[in-house]
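Asker: First the structure, which I've put down as structure tokens, then a few questions once you've had a look.
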Amino acid sequence: MKKTSLFLFAGFLAVTAPHRPLCAAGPAREARNDRVERAIDSILARLTPEEKIGQLLQYSGRWSDTVVNRGITLEERALIRQGRVGSFLNAFGTGITRELQRIAVEESHARIPLLFGLDVIHGFRTTFPIPLAQAASWDPAAVERSTRVAAREASAAGVHWTFGPMVDIARDPRWGRIAEGAGEDPFLGAAMATAQVRGYQGRDLSDPTTILACAKHFAAYGAAEGGRDYNTAEISERTLRDVYLVPFKAAVDAGAGTLMASFNEIDGVPSSANKHLLTDILRNEWKFDGFVVSDWNSIGELLNHGIAATRAEAAQKSLEAGLDMDMASDVYRDNLPALVKNGKVSAKILDTAVRRILRIKFRLGLFDDPYRSCNPETEKSEMLTPSHIAAAREMARESIVLLKNQSDLLPLRRDTKTIAVIGPLADNRHDPLGPWKGLGEAKNVVSLLDGVRNAVGNSASVLTARGCTISGTDTAGFGEAVSAARCADVIVLAVGESMDMSGEAGSRSTLDLPGRQEDLVHVIMGTGKPVILVLMNGRPLAIPWEAEHVPAILETWFLGLQTGNAIGDVLFGAVAPSGKLPVSFPRTVGQVPIYYGHKNTGRPDTSNEHFSSRYIDLPSSPLYPFGYGLSYTTFSYSDLTLERQSLGTADTLRANMTLTNTGQREGDEIVQLYVRDLAGSVTRPVKELKGFQRVHLAPGASAIVPFSVPVASFAFTGLDMKKKVEPGSFILWVGPSSVGGEQTTFEVVER
Ligand code: NOJ
């Protein structure tokens with residue numbers, strides 16, 4: 001490092017050290033923030049307009065043609081030297097990031113460290129279950145741990161920033177990106193968002209083992225019409241606020257340093273030009289002081305949306321709306337210089353955006369140590385460690401949901417002699433990595449077949465056959481699969497989706513098992529042998545036939561590296577399954593969108609009344625409801641009591657309920673608390689999740705499960721568009737899913 005830059009960084013050290021946790025409160029934090037703002041003032045004073053605009057640019061080569069694949073080009077070196085780039089996307093690895101950073105802090109006039117961003121969605125090298133699966137654990141502490149591992153590995157490879165958590169509520173399983181989020185519910189979504197932000201960012205962002213979180217996609221991207229990716233979201237402001245924004249607010253409250261604007265429009269305004277979202281709500285109401293990045297080329301796409309006639313207009317609209325960093329469209333780079341020069345865009349707005357980005361670079365400690373996580377030794381030692389692999393197995397076990405277990409077919413008996421592991425996902429090491437697999441590699445995946453073999457050792461013989469591919473039409477392999485099935489005592493049949501059928505641009509128009517897999521299930525069932533269906537998929541599938549005919553069904557999603565071991569643990573009873581669905585499973589795609597927290601309507605489907613809100617050819621209920629999941633033991637719920645039946649709006653509702661393990665095995669139960677606000681100034685959902693707890697019980701044991709729920713959490717956006725709790729009568733349930741449970745009532749009164 002040159003002398004000048006040493007001096008420069010020593011100066012910054014004085015303003016930022018010592019580091020304190022993000023949560024440090026009061027005067028200490030204010031003084032620290034003050035010092036950072038003054039340091040930013042002096043940086044802004046010495047930057048040229050071009051260098052300022054450079055800070056707003058996130059650069060990436062083409063998707064498959066990044067600095068990592070082909071090294072740094074002369075053009076890229078020049079770009080950094082000229083201070084015309086603030087962040088790199090898809091640059092990772094200590095070698096490459098150190099060199100890029102060296103050019104930025106030693107060879108540029110601006111000497112501002114670069115920020116390296118990468119999609120670390122469910123693990124870096126140690127691939128964890130996809131986020132939807134992790135949400136099925138209903139275990140925020142486990143999710144925080146898995147996210148922490150991802151942060152440790154990614155940061156050790158020079159990554160500063162992940163584009164996660166994805167906190168989009170998704171109520172339409174046709175939308176492939178449902179795999180990346182926590183499902184349909186704002187309360188569960190908020191809990192998962194908080195856990196992930198904490199896991200990524202730790203207690204102090206300047207800790208080099210943390211990475212910066214980015215809550216995305218702001219906002220309502222999951223409400224894409226028809227479940228078609230990138231499509232329009234046509235929702236009301238009230239639904240936006242009470243459903244879709246809830247996990248974003250939680251992420252901001254947990255300290256997320258950045259947000260990503262979504263591709264979609266809401267009510268005619270694409271998010272990348274949406275001042276109401278990016279400024280009124282995010283900055284003015286929520287007091288968010290980090291920065292917002294666009295999605296890939298989303299500023300450029302304002303022209304396709306038809307809200308900007310030129311790229312210059314797109315640049316102006318986005319910056320003025322509050323969008324700070326341009327990911328990959330180059331619209332800011334190409335247009336802001338002239339717009340600022342001729343006064344069309346005010347220098348003040350530009351400075352505000354630059355300030356937000358620099359603030360986050362300070363919080364990451366990059367001005368103290370621009371190479372904060374660039375250590376080749378750590379890069380080697382942090383990856384795929386035994387403790388990371390163990391965490392992945394633990395998370396995967398908790399993510400599995402037992403949908404059906406007729407006659408206690410599961411767990412499999414230890415004395416089973418011959419097991420056939422059949423299906424296109426039986427010995428598949430690629431697809432269980434799931435969409436956004438990061439740097440996860442198939443060679444490190446334990447397939448289901450491996451896992452079954454690991455579990456049985458020499459005590460049983462394991463046969464296998466693929467039967468068919470995931471989406472092909474060829475049934476030539478059916479014969480071999482049937483022969484294997486006929487020789488076995490029990491069949492584990494693994495069917496589902498390929499990894500690229502969900503995730504970005506992975507929308508489907510049906511929710512059926514793709515290809516000939518449904519037929520494979522039929523022929524295997526035709527052998528008359530006991531079958532355990534293992535589903536691997538990135539979204540709810542519609543499997544009414546299987547639900548009726550196959551005796552045991554495990555929903556395993558995409559579980560990542562430890563797929564086979566985790567499923568083996570469950571199949572043979574090393575652990576009892578404990579996951580619960582974070583999203584409703586429809587009977588058929590025709591029921592979509594389907595979610596438990598719907599409105600009652602004037603003609604609810606509560607009877608056989610013809611003129612009610614229902615289908616004439618199908619029940620309105622889902623195949624498996626939100627919150628549903630079985631165990632190898634059984635639980636009973638009793639003695640639901642409330643401390644008080646009448647509460648003020650500022651009170652806390654306290655409920656107790658007795659949970660008893662009524663079965664023969666130990667197990668975890670996820671106890672769920674729901675409320676219904678019976679009448680309001682606007683209509684309310686029929687049920688809303690407001691609390692949950694994971695409880696472990698030995699056979700025969702009982703525990704009192706206490707809940708404390710602030711009455712303030714029953715607030716909603718009323719007729720006056722203000723969010724508040726309205727007095728009135730409520731129903732409360734505590735139970736094993738969004739259906740059923742013990743029930744009581746309470747009143748909220750004005751006091
Ligand atoms: C587009 C995706 O929508 C977003 O989620 C992702 O973070 C960016 N590409 C960057 O890869």
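Naming works like this for the structure tokens: A, B, ... for the chains as they're shown, residue 1 at the start of each chain, ligands 1 onward in shown order.
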Hey, could you make a per-residue contact list for chain A against ligand 1 with 8 Å as the cut-off, showing the nearest pair of atoms and its distance in Å to one decimal, counting only C-alpha atoms and all ligand atoms, sorted by chain and number, as a Markdown table?

Answerer:
| residue | atom | partner | partner_atom_place_in_ligand_line | distance |
| --- | --- | --- | --- | --- |
| A:Leu89 | CA | ligand 1 | 10 (C) | 7.4 |
| A:Asn90 | CA | ligand 1 | 11 (O) | 7.8 |
| A:Leu118 | CA | ligand 1 | 11 (O) | 6.9 |
| A:Asp119 | CA | ligand 1 | 7 (O) | 5.6 |
| A:Thr162 | CA | ligand 1 | 7 (O) | 8.0 |
| A:Phe163 | CA | ligand 1 | 7 (O) | 4.8 |
| A:Gly164 | CA | ligand 1 | 7 (O) | 7.4 |
| A:Met166 | CA | ligand 1 | 5 (O) | 7.4 |
| A:Lys216 | CA | ligand 1 | 5 (O) | 7.0 |
| A:His217 | CA | ligand 1 | 5 (O) | 7.0 |
| A:Met260 | CA | ligand 1 | 7 (O) | 7.9 |
| A:Ser262 | CA | ligand 1 | 3 (O) | 7.3 |
| A:Phe263 | CA | ligand 1 | 3 (O) | 7.3 |
| A:Asp295 | CA | ligand 1 | 1 (C) | 5.6 |
| A:Trp296 | CA | ligand 1 | 9 (N) | 4.9 |
| A:Met327 | CA | ligand 1 | 10 (C) | 7.9 |
| A:Glu504 | CA | ligand 1 | 3 (O) | 6.4 |

Asker: Show which residues sit within 9 Å of A:Pro49, as a PDB file with all heavy atoms, in the first residue's frame. Count only C-alpha atoms, and ignore same-chain residues fewer than 2 positions away.

Answerer:
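As a result, result.pdb now contains:
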ATOM      1  N   LEU A  47     -14.405  14.425  -3.790  1.00  0.00           N
ATOM      2  CA  LEU A  47     -14.725  13.585  -4.955  1.00  0.00           C
ATOM      3  C   LEU A  47     -15.241  14.421  -6.124  1.00  0.00           C
ATOM      4  O   LEU A  47     -15.975  15.399  -5.920  1.00  0.00           O
ATOM      5  CB  LEU A  47     -15.793  12.551  -4.610  1.00  0.00           C
ATOM      6  CG  LEU A  47     -15.427  11.441  -3.622  1.00  0.00           C
ATOM      7  CD1 LEU A  47     -16.575  10.424  -3.536  1.00  0.00           C
ATOM      8  CD2 LEU A  47     -14.139  10.726  -4.014  1.00  0.00           C
ATOM      9  N   GLU A  51     -16.629  10.562  -9.875  1.00  0.00           N
ATOM     10  CA  GLU A  51     -16.270   9.597  -8.823  1.00  0.00           C
ATOM     11  C   GLU A  51     -17.472   9.320  -7.910  1.00  0.00           C
ATOM     12  O   GLU A  51     -17.665   8.198  -7.448  1.00  0.00           O
ATOM     13  CB  GLU A  51     -15.091  10.124  -8.000  1.00  0.00           C
ATOM     14  CG  GLU A  51     -13.781  10.059  -8.767  1.00  0.00           C
ATOM     15  CD  GLU A  51     -12.672  10.849  -8.091  1.00  0.00           C
ATOM     16  OE1 GLU A  51     -12.978  11.800  -7.333  1.00  0.00           O
ATOM     17  OE2 GLU A  51     -11.498  10.533  -8.322  1.00  0.00           O
ATOM     18  N   LYS A  52     -18.244  10.354  -7.683  1.00  0.00           N
ATOM     19  CA  LYS A  52     -19.463  10.128  -6.868  1.00  0.00           C
ATOM     20  C   LYS A  52     -20.391   9.161  -7.602  1.00  0.00           C
ATOM     21  O   LYS A  52     -20.893   8.200  -7.022  1.00  0.00           O
ATOM     22  CB  LYS A  52     -20.192  11.456  -6.624  1.00  0.00           C
ATOM     23  CG  LYS A  52     -19.458  12.390  -5.683  1.00  0.00           C
ATOM     24  CD  LYS A  52     -20.244  13.671  -5.498  1.00  0.00           C
ATOM     25  CE  LYS A  52     -19.476  14.621  -4.599  1.00  0.00           C
ATOM     26  NZ  LYS A  52     -20.116  15.946  -4.540  1.00  0.00           N
ATOM     27  N   ILE A  53     -20.582   9.415  -8.875  1.00  0.00           N
ATOM     28  CA  ILE A  53     -21.464   8.543  -9.657  1.00  0.00           C
ATOM     29  C   ILE A  53     -20.890   7.125  -9.686  1.00  0.00           C
ATOM     30  O   ILE A  53     -21.630   6.145  -9.616  1.00  0.00           O
ATOM     31  CB  ILE A  53     -21.688   9.127 -11.075  1.00  0.00           C
ATOM     32  CG1 ILE A  53     -22.499  10.420 -10.946  1.00  0.00           C
ATOM     33  CG2 ILE A  53     -22.398   8.126 -11.995  1.00  0.00           C
ATOM     34  CD1 ILE A  53     -22.458  11.327 -12.156  1.00  0.00           C
ATOM     35  N   GLY A  54     -19.577   7.034  -9.719  1.00  0.00           N
ATOM     36  CA  GLY A  54     -18.919   5.722  -9.677  1.00  0.00           C
ATOM     37  C   GLY A  54     -19.331   4.911  -8.462  1.00  0.00           C
ATOM     38  O   GLY A  54     -19.519   3.688  -8.536  1.00  0.00           O
ATOM     39  N   PRO A 337     -23.893  11.729 -15.273  1.00  0.00           N
ATOM     40  CA  PRO A 337     -22.964  12.858 -15.409  1.00  0.00           C
ATOM     41  C   PRO A 337     -23.620  14.068 -16.080  1.00  0.00           C
ATOM     42  O   PRO A 337     -23.547  15.189 -15.555  1.00  0.00           O
ATOM     43  CB  PRO A 337     -21.823  12.271 -16.262  1.00  0.00           C
ATOM     44  CG  PRO A 337     -21.835  10.811 -15.919  1.00  0.00           C
ATOM     45  CD  PRO A 337     -23.292  10.471 -15.741  1.00  0.00           C
ATOM     46  N   VAL A 340     -26.519  15.618 -13.935  1.00  0.00           N
ATOM     47  CA  VAL A 340     -26.068  16.427 -12.792  1.00  0.00           C
ATOM     48  C   VAL A 340     -25.465  17.729 -13.316  1.00  0.00           C
ATOM     49  O   VAL A 340     -25.708  18.805 -12.771  1.00  0.00           O
ATOM     50  CB  VAL A 340     -25.052  15.636 -11.927  1.00  0.00           C
ATOM     51  CG1 VAL A 340     -24.454  16.512 -10.843  1.00  0.00           C
ATOM     52  CG2 VAL A 340     -25.730  14.405 -11.305  1.00  0.00           C
ATOM     53  N   LYS A 341     -24.706  17.597 -14.390  1.00  0.00           N
ATOM     54  CA  LYS A 341     -24.040  18.785 -14.947  1.00  0.00           C
ATOM     55  C   LYS A 341     -25.050  19.843 -15.379  1.00  0.00           C
ATOM     56  O   LYS A 341     -24.893  21.027 -15.089  1.00  0.00           O
ATOM     57  CB  LYS A 341     -23.185  18.364 -16.144  1.00  0.00           C
ATOM     58  CG  LYS A 341     -22.169  19.384 -16.526  1.00  0.00           C
ATOM     59  CD  LYS A 341     -21.131  18.772 -17.431  1.00  0.00           C
ATOM     60  CE  LYS A 341     -20.187  19.881 -17.876  1.00  0.00           C
ATOM     61  NZ  LYS A 341     -19.490  19.518 -19.087  1.00  0.00           N
ATOM     62  N   ALA A 347     -27.352  17.994  -7.335  1.00  0.00           N
ATOM     63  CA  ALA A 347     -26.113  17.459  -6.754  1.00  0.00           C
ATOM     64  C   ALA A 347     -26.392  16.927  -5.352  1.00  0.00           C
ATOM     65  O   ALA A 347     -25.743  15.995  -4.875  1.00  0.00           O
ATOM     66  CB  ALA A 347     -25.065  18.557  -6.714  1.00  0.00           C
ATOM     67  N   LEU A 350     -27.611  13.371  -5.508  1.00  0.00           N
ATOM     68  CA  LEU A 350     -26.476  12.488  -5.789  1.00  0.00           C
ATOM     69  C   LEU A 350     -25.674  12.280  -4.504  1.00  0.00           C
ATOM     70  O   LEU A 350     -25.331  11.145  -4.144  1.00  0.00           O
ATOM     71  CB  LEU A 350     -25.599  13.119  -6.881  1.00  0.00           C
ATOM     72  CG  LEU A 350     -24.278  12.410  -7.158  1.00  0.00           C
ATOM     73  CD1 LEU A 350     -24.512  10.981  -7.649  1.00  0.00           C
ATOM     74  CD2 LEU A 350     -23.459  13.190  -8.207  1.00  0.00           C
TER      75      LEU A 350
END

Asker: Here is a test: counting only C-alpha atoms, which residue of A:Arg241, A:Arg413, A:Lys723, A:Arg333 is nearest to A:Arg84?

Answerer: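 Ranked by minimum distance to A:Arg84, first place goes to A:Arg333.
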
Asker: Enumerate as a ChimeraX atom specification all residues of stretch 110-357 of chain A assigned to alpha helix (DSSP H) by DSSP on the backbone, naming them with the chain letters and numbers the document uses.

Answerer: /A:131-135,140-156,186-201,237-239,246-253,275,302-305,311-321,331-341,347-357

Asker: Give the answer as one residue: which of A:Met192, A:Phe730, A:Arg587, A:Ile670 has the shortest atom-to-atom distance to A:Gln645, using only C-alpha atoms?

Answerer: A:Phe730

Asker: Would you please work out which residue, of A:Leu384, A:Leu647, A:Leu618, A:Ala273, is nearest to A:Ile307 when using only C-alpha atoms?

Answerer: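 Comparing A:Leu384, A:Leu647, A:Leu618, A:Ala273 against A:Ile307, the winner is A:Ala273.
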
Asker: Could you list, as a list in words, every residue within 6 Å of stretch 674-684 of chain A, counting only C-alpha atoms and ignoring same-chain residues fewer than 5 positions away?

Answerer: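 In the requested format, the answer is Leu689, Lys690, Gly718, Leu719, Ser729, Phe730, Ile731, Leu732 and Trp733 of chain A.
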
Asker: Take the residues just selected and output them with N, CA, C and O atoms as an mmCIF file, in the first residue's frame.

Answerer:
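See again.cif below for the written result:
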data_model
loop_
_atom_site.group_PDB
_atom_site.id
_atom_site.type_symbol
_atom_site.label_atom_id
_atom_site.label_comp_id
_atom_site.auth_asym_id
_atom_site.auth_seq_id
_atom_site.Cartn_x
_atom_site.Cartn_y
_atom_site.Cartn_z
ATOM 1 N N LEU A 689 -51.378 -15.910 12.250
ATOM 2 C CA LEU A 689 -50.361 -16.443 13.160
ATOM 3 C C LEU A 689 -49.764 -15.293 13.958
ATOM 4 O O LEU A 689 -49.375 -14.275 13.394
ATOM 5 N N LYS A 690 -49.701 -15.468 15.289
ATOM 6 C CA LYS A 690 -49.112 -14.412 16.123
ATOM 7 C C LYS A 690 -48.072 -14.947 17.100
ATOM 8 O O LYS A 690 -47.538 -14.188 17.919
ATOM 9 N N GLY A 718 -56.075 0.519 9.071
ATOM 10 C CA GLY A 718 -57.524 0.737 9.114
ATOM 11 C C GLY A 718 -58.021 1.577 7.948
ATOM 12 O O GLY A 718 -57.282 1.886 7.007
ATOM 13 N N LEU A 719 -59.285 1.933 8.059
ATOM 14 C CA LEU A 719 -59.922 2.699 6.992
ATOM 15 C C LEU A 719 -59.209 4.032 6.745
ATOM 16 O O LEU A 719 -59.158 4.529 5.632
ATOM 17 N N SER A 729 -63.759 -7.834 19.786
ATOM 18 C CA SER A 729 -63.670 -9.233 20.217
ATOM 19 C C SER A 729 -62.747 -10.026 19.294
ATOM 20 O O SER A 729 -62.762 -9.835 18.073
ATOM 21 N N PHE A 730 -62.012 -10.927 19.915
ATOM 22 C CA PHE A 730 -61.061 -11.771 19.169
ATOM 23 C C PHE A 730 -61.279 -13.233 19.533
ATOM 24 O O PHE A 730 -61.681 -13.552 20.646
ATOM 25 N N ILE A 731 -60.977 -14.114 18.581
ATOM 26 C CA ILE A 731 -60.859 -15.549 18.898
ATOM 27 C C ILE A 731 -59.373 -15.871 18.918
ATOM 28 O O ILE A 731 -58.593 -15.285 18.144
ATOM 29 N N LEU A 732 -59.002 -16.762 19.816
ATOM 30 C CA LEU A 732 -57.602 -17.190 19.870
ATOM 31 C C LEU A 732 -57.550 -18.711 19.822
ATOM 32 O O LEU A 732 -58.352 -19.381 20.483
ATOM 33 N N TRP A 733 -56.635 -19.236 19.035
ATOM 34 C CA TRP A 733 -56.429 -20.684 18.969
ATOM 35 C C TRP A 733 -54.966 -20.989 19.304
ATOM 36 O O TRP A 733 -54.066 -20.241 18.897
#

Asker: When DSSP works through the backbone of this structure, what residues of stretch 253-488 of chain A end up as strand (DSSP E or B), shown as a list in words?

Answerer: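 Output for stretch 253-488 of chain A, strand (DSSP E or B) only: Thr258, Leu259, Met260, Ala261, Glu265, Ile266, Val269, Pro270, Phe291, Val292, Val293, Met325, Asp326, Met327, Val401, Leu402, Leu403, Lys404, Asn405, Thr418, Ile419, Ala420, Val421, Ile422, Ser461, Val462, Leu463, Thr464 and Ala465 of chain A.
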